[in-house]
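In what follows, a structure is listed as structure tokens, so that the remarks can point back to it.
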Amino acid sequence: MNAFIQGLPKVELHLHIEGSLEPELLFQLAQRNGIELPYSSPEQLRRAYEFDDLQSFLDIYYQGADALRTEQDFYDLTWAYLERCKADNVIHTEIFFDPQTHTERGIAFETVINGIHRALESGQKQLGISSQIIACFLRHLSEESAIQTFADVLKHQDKIVGVGLDSSELGHPPEKFKRVFQQAKQAGFLTVAHAGEEGPAQNIVDAIEMLSVSRVDHGVQCMTDEALIEELIETKMPLTVCPLSNIKLRVFDVMEDHNIVELLRKGVVVTINSDDPAYFGGYMSDNFNAVSQAHEMTHQELAQFSLNAIDASFIEAPLKQQYRELVQGYLTKTKVKADSEQSVV
Ligand code: HPA
Ligand code: ZN
């Protein structure tokens with residue numbers, strides 16, 4: 001483990017809370033809720049986490065989410081994630097949840113949002129981690145279903161900062177969700193969308209133009225469109241990149257081929273995130289480590305990922321400034337330490 005990365009204050013902007021359900025907790029919840037699982041142990045389940053593409057992952061991910069039934073289940077899930085955040089020095093996190101994954105199987109929207117929100121409040125009080133909640137529409141479902149879901153989101157505007165778009169990208173471009181995103185914007189929600197994960201760069205352009213997003217989730221397919229890259233740089237449009245996810249879902253063959261460091265050096269506002277850490281083999285520090293092992297980087301560059309995430313976050317300006325100073329202070333402190341160790345040698 002890289003000590004600089006471990007201590008670096010981090011901000012996570014792309015995390016599906018259902019994707020942080022570790023096999024051990026999944027087994028506990030299944031037992032608590034009287035659910036029979038088609039696996040004999042958490043280890044056997046973990047061994048099934050081999051994916052060919054996004055869809056092969058989503059099939060298993062939606063199956064796993066079925067173990068979540070009660071408000072306490074959602075609380076326990078979120079709390080377990082926050083403990084990982086604490087261990088990785090994550091100071092702020094903006095988490096996604098998929099309301100339709102739960103309402104479609106008869107779990108009330110309130111059960112989900114109240115469990116998640118209560119855990120995040122405890123996280124702020126007990127662990128000092130600030131947070132926001134983003135409700136995502138499933139793009140493989142209809143516009144009508146998204147509009148119905150938005151009615152629930154609206155009732156909980158005090159707990160939800162924005163809306164997003166996730167699930168199967170191929171065959172489900174942003175256009176279908178133009179109207180519901182417009183409604184969300186008008187009601188005062190911020191918007192984000194998964195685009196250019198395994199779908200074409202045009203989905204990124206459309207997410208920006210049709211859905212007025214403040215950030216693009218993934219966005220790594222921008223590499224095929226030079227004009228788009230120029231636009232991302234000029235408009236400071238953040239990309240919430242998920243390196244380990246991209247390898248597990250075969251967006252890139254190996255981390256050495258990943259374009260995140262190239263994008264950083266071009267001046268794109270890229271950030272590092274864990275996406276679905278229980279399924280992709282790692283939380284925030286693991287993602288930073290995987291990138292830095294495959295690409296030689298300076299401490300300043302690694303810290304830039306945190307500074308980018310602070311700028312791209314939905315935090316109020318004074319707290320953003322406080323967090324920037326925390327990262328800058330960490331950089332200065334580690335540099336002084338490295339210099340003094342060098343002068344001893
Ligand atoms: N892409 C799209 N939908 C998702 C993902 C992802 O990486 N994770 C959970 N839902
Ligand atoms: Zn995602």
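For the structure tokens, the naming scheme is as follows: chains receive sequential letters (A, B, ...) according to their order of presentation, residues are indexed from 1 within each chain, and ligands are indexed from 1 in presentation order.
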Selection as a PyMOL selection string: residues within 6 Å of ligand 1 by only C-alpha atoms and all ligand atoms:
chain A and resi 16+166-168+275-276
Give me the residues of chain A that have any atom at most 9 Å from an atom of ligand 2; for each, the nearest atom pair and the distance in Å, rounded to one decimal. Use only C-alpha atoms and all ligand atoms, sort by chain and number, and format it as CSV.
```
residue,atom,partner,partner_atom_place_in_ligand_line,distance
A:His14,CA,ligand 2,1 (Zn),6.1
A:Leu15,CA,ligand 2,1 (Zn),6.4
A:His16,CA,ligand 2,1 (Zn),6.3
A:Gly19,CA,ligand 2,1 (Zn),8.9
A:Phe96,CA,ligand 2,1 (Zn),8.3
A:Leu165,CA,ligand 2,1 (Zn),9.0
A:Asp166,CA,ligand 2,1 (Zn),6.5
A:Ser167,CA,ligand 2,1 (Zn),7.9
A:His194,CA,ligand 2,1 (Zn),6.6
A:Glu197,CA,ligand 2,1 (Zn),8.7
A:Asp217,CA,ligand 2,1 (Zn),6.7
A:His218,CA,ligand 2,1 (Zn),7.2
A:Thr240,CA,ligand 2,1 (Zn),8.8
A:Val241,CA,ligand 2,1 (Zn),8.9
A:Cys242,CA,ligand 2,1 (Zn),7.7
A:Ser245,CA,ligand 2,1 (Zn),8.4
A:Ser274,CA,ligand 2,1 (Zn),8.4
A:Asp275,CA,ligand 2,1 (Zn),4.8
A:Asp276,CA,ligand 2,1 (Zn),7.0
```
message = I want to know what sits within 12 Å of Lys155 (chain A), based on only C-alpha atoms, with residues of the same chain fewer than 6 positions away left out; could you give that as a PyMOL selection string?
response = chain A and resi 109-110+113+148-149+187
Export N, CA and C atoms of the chosen residues as a CSV table (one decimal), in the first residue's frame?
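Contents of out.csv, freshly written:
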```csv
chain,number,residue,atom,x,y,z
A,109,PHE,N,-40.1,3.3,-1.4
A,109,PHE,CA,-39.1,4.3,-1.6
A,109,PHE,C,-38.6,4.8,-0.2
A,110,GLU,N,-39.5,5.0,0.7
A,110,GLU,CA,-39.2,5.6,2.1
A,110,GLU,C,-38.3,4.6,2.8
A,113,ILE,N,-34.7,5.2,1.2
A,113,ILE,CA,-34.1,6.6,1.4
A,113,ILE,C,-33.9,6.8,2.9
A,148,GLN,N,-42.5,8.5,-12.9
A,148,GLN,CA,-43.2,8.0,-11.6
A,148,GLN,C,-42.2,8.1,-10.4
A,149,THR,N,-40.9,7.6,-10.7
A,149,THR,CA,-39.9,7.6,-9.7
A,149,THR,C,-39.6,9.0,-9.2
A,187,ALA,N,-37.1,21.7,-10.8
A,187,ALA,CA,-37.4,21.6,-9.4
A,187,ALA,C,-36.2,21.9,-8.5
```
*Apply DSSP to the backbone of this structure and, from region 169-294 of chain A, keep only the residues in strand (DSSP E); write these as a PyMOL selection string.*
chain A and resi 190-195+215-218+239-241+270-272
Open item on the list: Please compute the CA of Ser306 (chain A)-CA of Val205 (chain A) distance, one decimal, in Å.
Closed with: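 Distance between the two atoms: 25.0 Å.
The nearest approach to Ser313 (chain A) among the residues A:Ile95, A:Ile147, A:Ala67, A:Leu326, with only C-alpha atoms taken into account, belongs to A:Ile95.
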### Task
Just list the residues in region 97-313 of chain A DSSP gives alpha helix (DSSP H) on the backbone, as number ranges by chain.
A: 99-103, 109-122, 143-155, 178-186, 201-211, 226-235, 243-248, 260-266, 277-280, 284-294, 299-312
- Item | Selection: 12 Å around Asp257 (chain A), only C-alpha atoms, excl. self and same-chain fewer than 2 positions, as a PyMOL selection string | chain A and resi 220+243+246-247+250-255+259-262+291+294-295
Checklist entry - Which residues come within 9 Å of Ala135 (chain A), counting only C-alpha atoms, excluding same-chain residues fewer than 6 positions away, as a list in words? => result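 Contacts, in chain order: Ile95, Phe96, Phe97, Asp98, Pro99, Phe150, Val153, Ile160, Val161, Gly162, Val163, Gly164 and Leu165 of chain A.
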Report task. Would you mind reading off the distance between CA of Lys178 (chain A) and CA of Val112 (chain A), one decimal, in Å? Result ->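 It comes out at 25.5 Å.
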